[in-house]
Each structure stands twice: as structure tokens, then as C-alpha cells.
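Student: Hey, dropping final28.pdb in here, PDB, C-alpha atoms:
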ATOM      1  CA  MET A  78      87.790 148.402 132.350  1.00  0.00           C
ATOM      2  CA  THR A  79      87.366 145.403 130.078  1.00  0.00           C
ATOM      3  CA  ASP A  80      88.873 144.878 126.718  1.00  0.00           C
ATOM      4  CA  THR A  81      86.281 144.594 124.008  1.00  0.00           C
ATOM      5  CA  PRO A  82      87.199 142.940 120.777  1.00  0.00           C
ATOM      6  CA  PRO A  83      87.332 145.251 117.768  1.00  0.00           C
ATOM      7  CA  LYS A  84      84.111 145.346 115.795  1.00  0.00           C
ATOM      8  CA  THR A  85      84.277 143.717 112.427  1.00  0.00           C
ATOM      9  CA  PRO A  86      82.230 145.253 109.668  1.00  0.00           C
ATOM     10  CA  PRO A  87      79.233 143.186 108.586  1.00  0.00           C
ATOM     11  CA  LYS A  88      79.822 141.036 105.554  1.00  0.00           C
ATOM     12  CA  ALA A  89      78.193 142.197 102.367  1.00  0.00           C
ATOM     13  CA  PRO A  90      75.758 139.729 100.840  1.00  0.00           C
ATOM     14  CA  SER A  91      77.480 137.429  98.397  1.00  0.00           C
ATOM     15  CA  GLN A  92      77.265 138.611  94.807  1.00  0.00           C
ATOM     16  CA  THR A  93      78.267 135.169  93.581  1.00  0.00           C
ATOM     17  CA  PRO A  94      75.440 133.612  91.609  1.00  0.00           C
ATOM     18  CA  PRO A  95      74.232 130.228  92.832  1.00  0.00           C
ATOM     19  CA  LYS A  96      76.045 127.260  91.333  1.00  0.00           C
ATOM     20  CA  ALA A  97      74.193 125.698  88.413  1.00  0.00           C
ATOM     21  CA  PRO A  98      73.208 122.040  88.865  1.00  0.00           C
ATOM     22  CA  TRP A  99      75.006 121.152  85.626  1.00  0.00           C
ATOM     23  CA  SER A 100      78.558 122.159  84.779  1.00  0.00           C
ATOM     24  CA  HIS A 101      80.525 121.380  81.635  1.00  0.00           C
ATOM     25  CA  VAL A 102      83.463 123.748  81.239  1.00  0.00           C
ATOM     26  CA  ILE A 103      84.909 124.262  77.759  1.00  0.00           C
ATOM     27  CA  ALA A 104      88.395 125.665  77.095  1.00  0.00           C
ATOM     28  CA  VAL A 105      88.190 127.720  73.896  1.00  0.00           C
ATOM     29  CA  ALA A 106      91.873 127.142  73.013  1.00  0.00           C
ATOM     30  CA  GLN A 107      91.211 123.396  72.769  1.00  0.00           C
ATOM     31  CA  LEU A 108      88.307 123.747  70.326  1.00  0.00           C
ATOM     32  CA  PRO A 109      88.807 123.238  66.595  1.00  0.00           C
ATOM     33  CA  SER A 110      87.157 125.803  64.317  1.00  0.00           C
ATOM     34  CA  GLU A 111      84.050 123.605  64.166  1.00  0.00           C
ATOM     35  CA  SER A 112      83.105 120.610  66.273  1.00  0.00           C
ATOM     36  CA  LYS A 113      80.160 118.440  67.247  1.00  0.00           C
ATOM     37  CA  LEU A 114      79.354 117.658  70.868  1.00  0.00           C
ATOM     38  CA  THR A 115      76.784 115.364  72.448  1.00  0.00           C
ATOM     39  CA  LEU A 116      76.115 115.625  76.180  1.00  0.00           C
ATOM     40  CA  GLU A 117      74.030 113.198  78.242  1.00  0.00           C
ATOM     41  CA  PRO A 118      74.230 114.127  81.931  1.00  0.00           C
ATOM     42  CA  GLY A 119      74.469 111.312  84.474  1.00  0.00           C
ATOM     43  CA  ALA A 120      71.866 110.365  87.062  1.00  0.00           C
ATOM     44  CA  ASP A 121      73.236 112.730  89.750  1.00  0.00           C
ATOM     45  CA  THR A 122      73.113 115.728  87.418  1.00  0.00           C
ATOM     46  CA  ARG A 123      69.615 114.821  86.167  1.00  0.00           C
ATOM     47  CA  GLU A 124      68.478 114.550  89.799  1.00  0.00           C
ATOM     48  CA  ALA A 125      69.954 118.002  90.548  1.00  0.00           C
ATOM     49  CA  LEU A 126      68.220 119.418  87.451  1.00  0.00           C
ATOM     50  CA  ALA A 127      64.906 117.927  88.613  1.00  0.00           C
ATOM     51  CA  ARG A 128      65.303 119.622  92.001  1.00  0.00           C
ATOM     52  CA  HIS A 129      66.255 122.854  90.245  1.00  0.00           C
ATOM     53  CA  VAL A 130      62.892 123.039  88.416  1.00  0.00           C
ATOM     54  CA  GLY A 131      60.740 121.329  91.064  1.00  0.00           C
ATOM     55  CA  ALA A 132      60.224 118.165  89.019  1.00  0.00           C
ATOM     56  CA  LEU A 133      60.003 114.619  90.335  1.00  0.00           C
ATOM     57  CA  SER A 134      62.657 113.282  87.959  1.00  0.00           C
ATOM     58  CA  VAL A 135      64.437 113.710  84.644  1.00  0.00           C
ATOM     59  CA  PRO A 136      64.604 110.169  83.213  1.00  0.00           C
ATOM     60  CA  ALA A 137      66.384 111.236  80.014  1.00  0.00           C
ATOM     61  CA  LEU A 138      68.269 114.277  78.750  1.00  0.00           C
ATOM     62  CA  LYS A 139      70.457 114.649  75.681  1.00  0.00           C
ATOM     63  CA  VAL A 140      71.967 117.694  74.024  1.00  0.00           C
ATOM     64  CA  THR A 141      73.490 117.612  70.537  1.00  0.00           C
ATOM     65  CA  LEU A 142      75.465 120.698  69.579  1.00  0.00           C
ATOM     66  CA  THR A 143      77.652 122.248  66.931  1.00  0.00           C
ATOM     67  CA  LEU A 144      80.326 124.624  68.223  1.00  0.00           C
ATOM     68  CA  ALA A 145      81.943 127.082  65.802  1.00  0.00           C
ATOM     69  CA  VAL A 146      84.881 129.283  66.796  1.00  0.00           C
ATOM     70  CA  ASP A 147      85.387 132.460  64.743  1.00  0.00           C
ATOM     71  CA  ARG A 148      88.677 134.271  64.117  1.00  0.00           C
ATOM     72  CA  ASN A 149      88.086 136.525  67.185  1.00  0.00           C
ATOM     73  CA  GLY A 150      87.802 133.515  69.473  1.00  0.00           C
ATOM     74  CA  ASP A 151      84.038 133.903  69.919  1.00  0.00           C
ATOM     75  CA  VAL A 152      82.059 130.657  69.997  1.00  0.00           C
ATOM     76  CA  ASP A 153      78.632 130.079  68.451  1.00  0.00           C
ATOM     77  CA  VAL A 154      76.760 127.106  69.895  1.00  0.00           C
ATOM     78  CA  GLU A 155      73.692 125.701  68.148  1.00  0.00           C
ATOM     79  CA  GLY A 156      71.788 122.482  68.581  1.00  0.00           C
ATOM     80  CA  ARG A 157      68.950 120.742  70.302  1.00  0.00           C
ATOM     81  CA  LEU A 158      68.049 119.695  73.843  1.00  0.00           C
ATOM     82  CA  THR A 159      65.731 116.672  74.094  1.00  0.00           C
ATOM     83  CA  GLY A 160      64.570 114.510  76.960  1.00  0.00           C
ATOM     84  CA  ARG A 161      61.782 113.644  79.371  1.00  0.00           C
ATOM     85  CA  VAL A 162      60.735 115.173  82.668  1.00  0.00           C
ATOM     86  CA  VAL A 163      58.279 113.860  85.284  1.00  0.00           C
ATOM     87  CA  GLN A 164      56.361 116.528  87.196  1.00  0.00           C
ATOM     88  CA  PRO A 165      53.377 116.585  89.532  1.00  0.00           C
ATOM     89  CA  CYS A 166      50.106 117.706  87.917  1.00  0.00           C
ATOM     90  CA  VAL A 167      49.097 121.076  89.399  1.00  0.00           C
ATOM     91  CA  VAL A 168      45.502 119.866  89.775  1.00  0.00           C
ATOM     92  CA  THR A 169      45.732 116.223  90.860  1.00  0.00           C
ATOM     93  CA  LEU A 170      49.388 116.040  92.006  1.00  0.00           C
ATOM     94  CA  GLU A 171      49.692 112.787  90.029  1.00  0.00           C
ATOM     95  CA  PRO A 172      53.022 112.341  88.203  1.00  0.00           C
ATOM     96  CA  ILE A 173      52.912 113.174  84.507  1.00  0.00           C
ATOM     97  CA  GLU A 174      55.693 112.768  81.989  1.00  0.00           C
ATOM     98  CA  ALA A 175      56.441 115.376  79.348  1.00  0.00           C
ATOM     99  CA  GLU A 176      58.768 115.381  76.352  1.00  0.00           C
ATOM    100  CA  LEU A 177      61.375 118.124  76.085  1.00  0.00           C
ATOM    101  CA  ASP A 178      62.489 119.450  72.704  1.00  0.00           C
ATOM    102  CA  GLU A 179      64.217 122.834  72.745  1.00  0.00           C
ATOM    103  CA  ASP A 180      66.428 124.623  70.225  1.00  0.00           C
ATOM    104  CA  VAL A 181      69.732 125.827  71.653  1.00  0.00           C
ATOM    105  CA  ALA A 182      71.458 128.900  70.231  1.00  0.00           C
ATOM    106  CA  VAL A 183      73.953 130.960  72.203  1.00  0.00           C
ATOM    107  CA  ARG A 184      77.096 132.967  71.539  1.00  0.00           C
ATOM    108  CA  PHE A 185      80.084 133.195  73.880  1.00  0.00           C
ATOM    109  CA  SER A 186      82.530 136.090  73.620  1.00  0.00           C
ATOM    110  CA  ALA A 187      85.659 137.173  75.463  1.00  0.00           C
ATOM    111  CA  ASP A 188      84.464 140.781  75.014  1.00  0.00           C
ATOM    112  CA  ALA A 189      81.178 140.108  76.816  1.00  0.00           C
ATOM    113  CA  ARG A 190      80.927 141.209  80.407  1.00  0.00           C
ATOM    114  CA  PRO A 191      78.569 139.797  83.007  1.00  0.00           C
ATOM    115  CA  LEU A 192      75.534 141.999  83.478  1.00  0.00           C
ATOM    116  CA  GLU A 193      75.961 143.938  86.702  1.00  0.00           C
ATOM    117  CA  VAL A 194      72.609 144.943  88.130  1.00  0.00           C
ATOM    118  CA  GLU A 195      71.633 146.172  91.557  1.00  0.00           C
ATOM    119  CA  PRO A 196      69.150 143.875  93.332  1.00  0.00           C
ATOM    120  CA  GLY A 197      65.571 144.915  92.620  1.00  0.00           C
ATOM    121  CA  THR A 198      66.442 146.647  89.329  1.00  0.00           C
ATOM    122  CA  GLU A 199      64.078 145.853  86.483  1.00  0.00           C
ATOM    123  CA  ILE A 200      65.706 144.712  83.242  1.00  0.00           C
ATOM    124  CA  GLU A 201      63.955 144.841  79.879  1.00  0.00           C
ATOM    125  CA  PHE A 202      64.871 142.757  76.850  1.00  0.00           C
ATOM    126  CA  SER A 203      63.348 142.905  73.405  1.00  0.00           C
ATOM    127  CA  ALA A 204      62.221 139.732  71.665  1.00  0.00           C
ATOM    128  CA  GLU A 205      63.379 141.200  68.349  1.00  0.00           C
ATOM    129  CA  GLU A 206      66.955 141.775  69.503  1.00  0.00           C
ATOM    130  CA  ALA A 207      69.528 139.018  69.685  1.00  0.00           C
ATOM    131  CA  ASP A 208      70.510 137.965  73.174  1.00  0.00           C
ATOM    132  CA  PRO A 209      73.782 139.488  74.326  1.00  0.00           C
ATOM    133  CA  PRO A 210      76.718 137.067  74.237  1.00  0.00           C
ATOM    134  CA  GLU A 211      77.683 135.093  77.306  1.00  0.00           C
ATOM    135  CA  PRO A 212      81.157 135.825  78.685  1.00  0.00           C
ATOM    136  CA  ILE A 213      84.255 133.751  78.100  1.00  0.00           C
ATOM    137  CA  VAL A 214      86.296 134.109  81.298  1.00  0.00           C
ATOM    138  CA  ASP A 215      89.988 133.193  81.348  1.00  0.00           C
ATOM    139  CA  GLY A 216      89.566 131.389  78.029  1.00  0.00           C
ATOM    140  CA  ARG A 217      86.751 129.170  79.351  1.00  0.00           C
ATOM    141  CA  PHE A 218      82.963 129.046  79.498  1.00  0.00           C
ATOM    142  CA  ASP A 219      80.539 126.786  81.347  1.00  0.00           C
ATOM    143  CA  LEU A 220      78.303 125.242  78.723  1.00  0.00           C
ATOM    144  CA  GLY A 221      76.451 123.189  81.362  1.00  0.00           C
ATOM    145  CA  ALA A 222      75.331 126.330  83.225  1.00  0.00           C
ATOM    146  CA  ILE A 223      73.829 127.791  80.031  1.00  0.00           C
ATOM    147  CA  LEU A 224      72.232 124.443  79.138  1.00  0.00           C
ATOM    148  CA  THR A 225      70.658 124.477  82.623  1.00  0.00           C
ATOM    149  CA  GLU A 226      68.895 127.687  81.579  1.00  0.00           C
ATOM    150  CA  PHE A 227      67.664 126.178  78.307  1.00  0.00           C
ATOM    151  CA  PHE A 228      66.480 123.095  80.204  1.00  0.00           C
ATOM    152  CA  SER A 229      64.643 125.239  82.778  1.00  0.00           C
ATOM    153  CA  LEU A 230      62.881 127.214  80.055  1.00  0.00           C
ATOM    154  CA  SER A 231      61.772 124.036  78.270  1.00  0.00           C
ATOM    155  CA  VAL A 232      59.981 122.631  81.350  1.00  0.00           C
ATOM    156  CA  GLU A 233      56.267 123.452  81.651  1.00  0.00           C
ATOM    157  CA  PRO A 234      55.869 125.607  84.789  1.00  0.00           C
ATOM    158  CA  TYR A 235      52.278 124.468  85.480  1.00  0.00           C
ATOM    159  CA  PRO A 236      51.906 120.930  84.122  1.00  0.00           C
ATOM    160  CA  ARG A 237      48.375 119.553  83.959  1.00  0.00           C
ATOM    161  CA  LYS A 238      47.094 116.151  82.932  1.00  0.00           C
ATOM    162  CA  PRO A 239      45.010 116.248  79.751  1.00  0.00           C
ATOM    163  CA  ASP A 240      41.262 116.706  80.297  1.00  0.00           C
ATOM    164  CA  VAL A 241      41.723 117.707  83.960  1.00  0.00           C
ATOM    165  CA  ALA A 242      40.300 120.992  85.165  1.00  0.00           C
ATOM    166  CA  TRP A 243      40.422 122.716  88.520  1.00  0.00           C
ATOM    167  CA  GLN A 244      37.146 122.547  90.447  1.00  0.00           C
ATOM    168  CA  SER A 245      36.759 124.681  93.533  1.00  0.00           C
ATOM    169  CA  PRO A 246      35.209 123.073  96.608  1.00  0.00           C
ATOM    170  CA  ALA A 247      31.409 123.241  96.613  1.00  0.00           C
ATOM    171  CA  ASP A 248      29.995 125.905  98.904  1.00  0.00           C
ATOM    172  CA  ASP A 249      26.746 125.087 100.755  1.00  0.00           C
ATOM    173  CA  GLU A 250      25.189 128.442  99.936  1.00  0.00           C
ATOM    174  CA  GLY A 251      26.498 128.551  96.402  1.00  0.00           C
ATOM    175  CA  ASN A 252      28.559 131.659  97.107  1.00  0.00           C
ATOM    176  CA  ASN A 253      32.203 131.017  96.287  1.00  0.00           C
ATOM    177  CA  SER A 254      33.429 134.451  97.327  1.00  0.00           C
ATOM    178  CA  PRO A 255      36.231 134.429  99.911  1.00  0.00           C
ATOM    179  CA  PHE A 256      34.334 137.250 101.636  1.00  0.00           C
ATOM    180  CA  ALA A 257      31.084 135.290 102.025  1.00  0.00           C
ATOM    181  CA  ALA A 258      31.970 134.400 105.634  1.00  0.00           C
ATOM    182  CA  LEU A 259      32.575 138.080 106.428  1.00  0.00           C
ATOM    183  CA  VAL A 260      29.111 139.056 105.192  1.00  0.00           C
ATOM    184  CA  LYS A 261      27.616 136.805 107.891  1.00  0.00           C
ATOM    185  CA  LEU A 262      29.549 138.757 110.539  1.00  0.00           C
ATOM    186  CA  LYS A 263      28.331 142.145 109.352  1.00  0.00           C
ATOM    187  CA  PRO A 264      25.642 143.526 111.671  1.00  0.00           C
ATOM    188  CA  SER A 265      22.283 143.891 109.998  1.00  0.00           C
ATOM    189  CA  GLY A 266      20.402 147.112 110.279  1.00  0.00           C
ATOM    190  CA  PRO A 267      21.536 150.730 110.249  1.00  0.00           C
ATOM    191  CA  SER A 268      25.031 151.543 111.474  1.00  0.00           C
TER     192      SER A 268
END
Written as C-alpha cells, that's how I'd like the structure from this file.

Tutor:
Amino acid sequence: MTDTPPKTPPKAPSQTPPKAPWSHVIAVAQLPSESKLTLEPGADTREALARHVGALSVPALKVTLTLAVDRNGDVDVEGRLTGRVVQPCVVTLEPIEAELDEDVAVRFSADARPLEVEPGTEIEFSAEEADPPEPIVDGRFDLGAILTEFFSLSVEPYPRKPDVAWQSPADDEGNNSPFAALVKLKPSGPS
């Protein structure tokens, strides 16, 4: 009789969200009632942001913000994200540069709780409703992680050089159907 090691239960998949490429943690207790903040991420962070959105590079990125803390300790953040991103054209794959200019408006609250959703669950949001506040956890919030989201939304998902259009490869018979080759295989005559 051999000793078999006790079976360990399988590990549950990690529920920890992936780490954002940009982090800038703010401690609410250290904020005055209103403050201005300008952030310009360094080359390493801009490179990580480029990878995050599938871009070739992010040569410039600047965020100017106003932070206002209310009497409940909630923080309203408003401002503007500007910069440049270089992406491959979806038609020619040539690098093209685009300007970024995105309004930033977000609220952080200690009463907010992270949204807990089972994988595969569909979530609906209304464009008319205000976004729910982001959570303040242990008196802190990661402004860089939220700015990563604003950055990602400001990048064109399918960049195309001006005056460039997709042209499908010419077909000898003029039939561009993906099933044209199958028609040739179909036996002629009655079945």
C-alpha cells in the first residue's frame, strides 16, 4: 500500500482584475477641498498604454484635472486628457498619428462598491444616467487606472489613413463570394 498525498482542491480562477498600465494612487485625506493636478506619464507608462490599446506608441500624453472633495469625503474629478497616439492603419498597416482630446469626469465615493458580476453576465447602462461612482478603498483611489479607461476610450479602434479604402483582391471570374470555389465542386446534373 502506498501513501498518496492528499488531494488539494483546484484553485478558483482569480477574481482580481488585471493591473492597469498606469497607476497614480491618491489619498483622500491629503487632498484640500479643491486642487489642480497635471499628470504627464513617463516613457515606460506611455509604452505600457500603447501595448494596452494595440498602438505603436504614445509620443505625448497630458491630463489636467480639478479635484473637489465634498463634506462626505467624495471626490469629483473633472478635466481633459490630451496627447498623440501612433497606430497602424487597418488598411495599409502604415503608421498614422492621431490627436487625443477627451473630457474627463468621474466621481469617487467611499460608499461605492465594486460591481460584482458573474462572468458572462450582460450588463446594461443607460446613456442618460450618470455613471455610478468609483470606489474609494481604505481612503485611497487609483486615478491612473481610471485615466487608463478614458485613454482607451479616446483611441480610435479602427484607424484608417485619409482617402484610403479597403479593396478586396480581384477575382478572375468576377465572383467575390467566399462560396464561389464550392460551386465548382458541386456535381452538375440531377442529384

Student: Which stretch 98-174 of chain A residues have any atom within 12 Å of an atom of stretch 201-218 of chain A, and for each, what is the nearest pair of atoms with distance in Å to one decimal, counting only C-alpha atoms, rows sorted by chain and number, as a Markdown table?

Tutor:
| residue | atom | partner | partner_atom | distance |
| --- | --- | --- | --- | --- |
| A:Ser100 | CA | A:Phe218 | CA | 9.7 |
| A:His101 | CA | A:Phe218 | CA | 8.3 |
| A:Val102 | CA | A:Phe218 | CA | 5.6 |
| A:Ile103 | CA | A:Phe218 | CA | 5.4 |
| A:Ala104 | CA | A:Arg217 | CA | 4.5 |
| A:Val105 | CA | A:Gly216 | CA | 5.7 |
| A:Ala106 | CA | A:Gly216 | CA | 7.0 |
| A:Gln107 | CA | A:Gly216 | CA | 9.7 |
| A:Leu108 | CA | A:Arg217 | CA | 10.6 |
| A:Asn149 | CA | A:Ile213 | CA | 11.9 |
| A:Gly150 | CA | A:Gly216 | CA | 9.0 |
| A:Asp151 | CA | A:Ile213 | CA | 8.2 |
| A:Val152 | CA | A:Ile213 | CA | 8.9 |
| A:Asp153 | CA | A:Pro210 | CA | 9.3 |
| A:Val154 | CA | A:Pro210 | CA | 10.9 |

Student: Counting only C-alpha atoms, which of A:Ala257, A:Ala97, A:Leu220, A:Leu133 gets nearest to A:Cys166?

Tutor: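 Among A:Ala257, A:Ala97, A:Leu220, A:Leu133, it is A:Leu133 that comes nearest to A:Cys166.
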
Student: Evaluate the PyMOL selection byres ((chain A and resi 241) around 10) on the structure here and hand back the selected residues as an mmCIF file with C-alpha atoms, keeping the file's coordinate frame.

Tutor:
data_model
loop_
_atom_site.group_PDB
_atom_site.id
_atom_site.type_symbol
_atom_site.label_atom_id
_atom_site.label_comp_id
_atom_site.auth_asym_id
_atom_site.auth_seq_id
_atom_site.Cartn_x
_atom_site.Cartn_y
_atom_site.Cartn_z
ATOM 1 C CA CYS A 166 50.106 117.706 87.917
ATOM 2 C CA VAL A 167 49.097 121.076 89.399
ATOM 3 C CA VAL A 168 45.502 119.866 89.775
ATOM 4 C CA THR A 169 45.732 116.223 90.860
ATOM 5 C CA ARG A 237 48.375 119.553 83.959
ATOM 6 C CA LYS A 238 47.094 116.151 82.932
ATOM 7 C CA PRO A 239 45.010 116.248 79.751
ATOM 8 C CA ASP A 240 41.262 116.706 80.297
ATOM 9 C CA ALA A 242 40.300 120.992 85.165
ATOM 10 C CA TRP A 243 40.422 122.716 88.520
ATOM 11 C CA GLN A 244 37.146 122.547 90.447
#

Student: Which one is closest to A:Leu170: A:Ser229, A:Lys113, A:Ala132, A:Ala222? Count only C-alpha atoms.

Tutor: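 Smallest distance to A:Leu170 is found for A:Ala132.
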
Student: For each of A:Ser186, A:Thr198, A:Thr159, A:Ser265, take the minimum atom-to-atom distance to A:Ser231, counting all atoms listed in the file, then give the residue where this is smallest.

Tutor: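 Looking only at the distances to A:Ser231, the closest residue turns out to be A:Thr159.
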
Student: For A:Lys139, please output as a PDB file with C-alpha atoms, keeping the file's coordinate frame all residues within 6 Å (counting only C-alpha atoms; exclusion window: fewer than 5 positions along the same chain).

Tutor:
ATOM      1  CA  LEU A 116      76.115 115.625  76.180  1.00  0.00           C
ATOM      2  CA  GLU A 117      74.030 113.198  78.242  1.00  0.00           C
ATOM      3  CA  LEU A 158      68.049 119.695  73.843  1.00  0.00           C
ATOM      4  CA  THR A 159      65.731 116.672  74.094  1.00  0.00           C
TER       5      THR A 159
END

Student: In Å to one decimal, how far is atom CA of A:Arg157 from atom CA of A:Phe228?

Tutor: 10.5 Å

Student: What gap, in Å, lies between atom CA of A:Pro118 and atom CA of A:Leu138?

Tutor: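 Going from atom CA of A:Pro118 over to atom CA of A:Leu138, I get 6.8 Å.
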
Student: How many Å lie between atom CA of A:Leu144 and atom CA of A:Asp121, rounded to one decimal?

Tutor: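 Distance reported for this atom pair: 25.6 Å.
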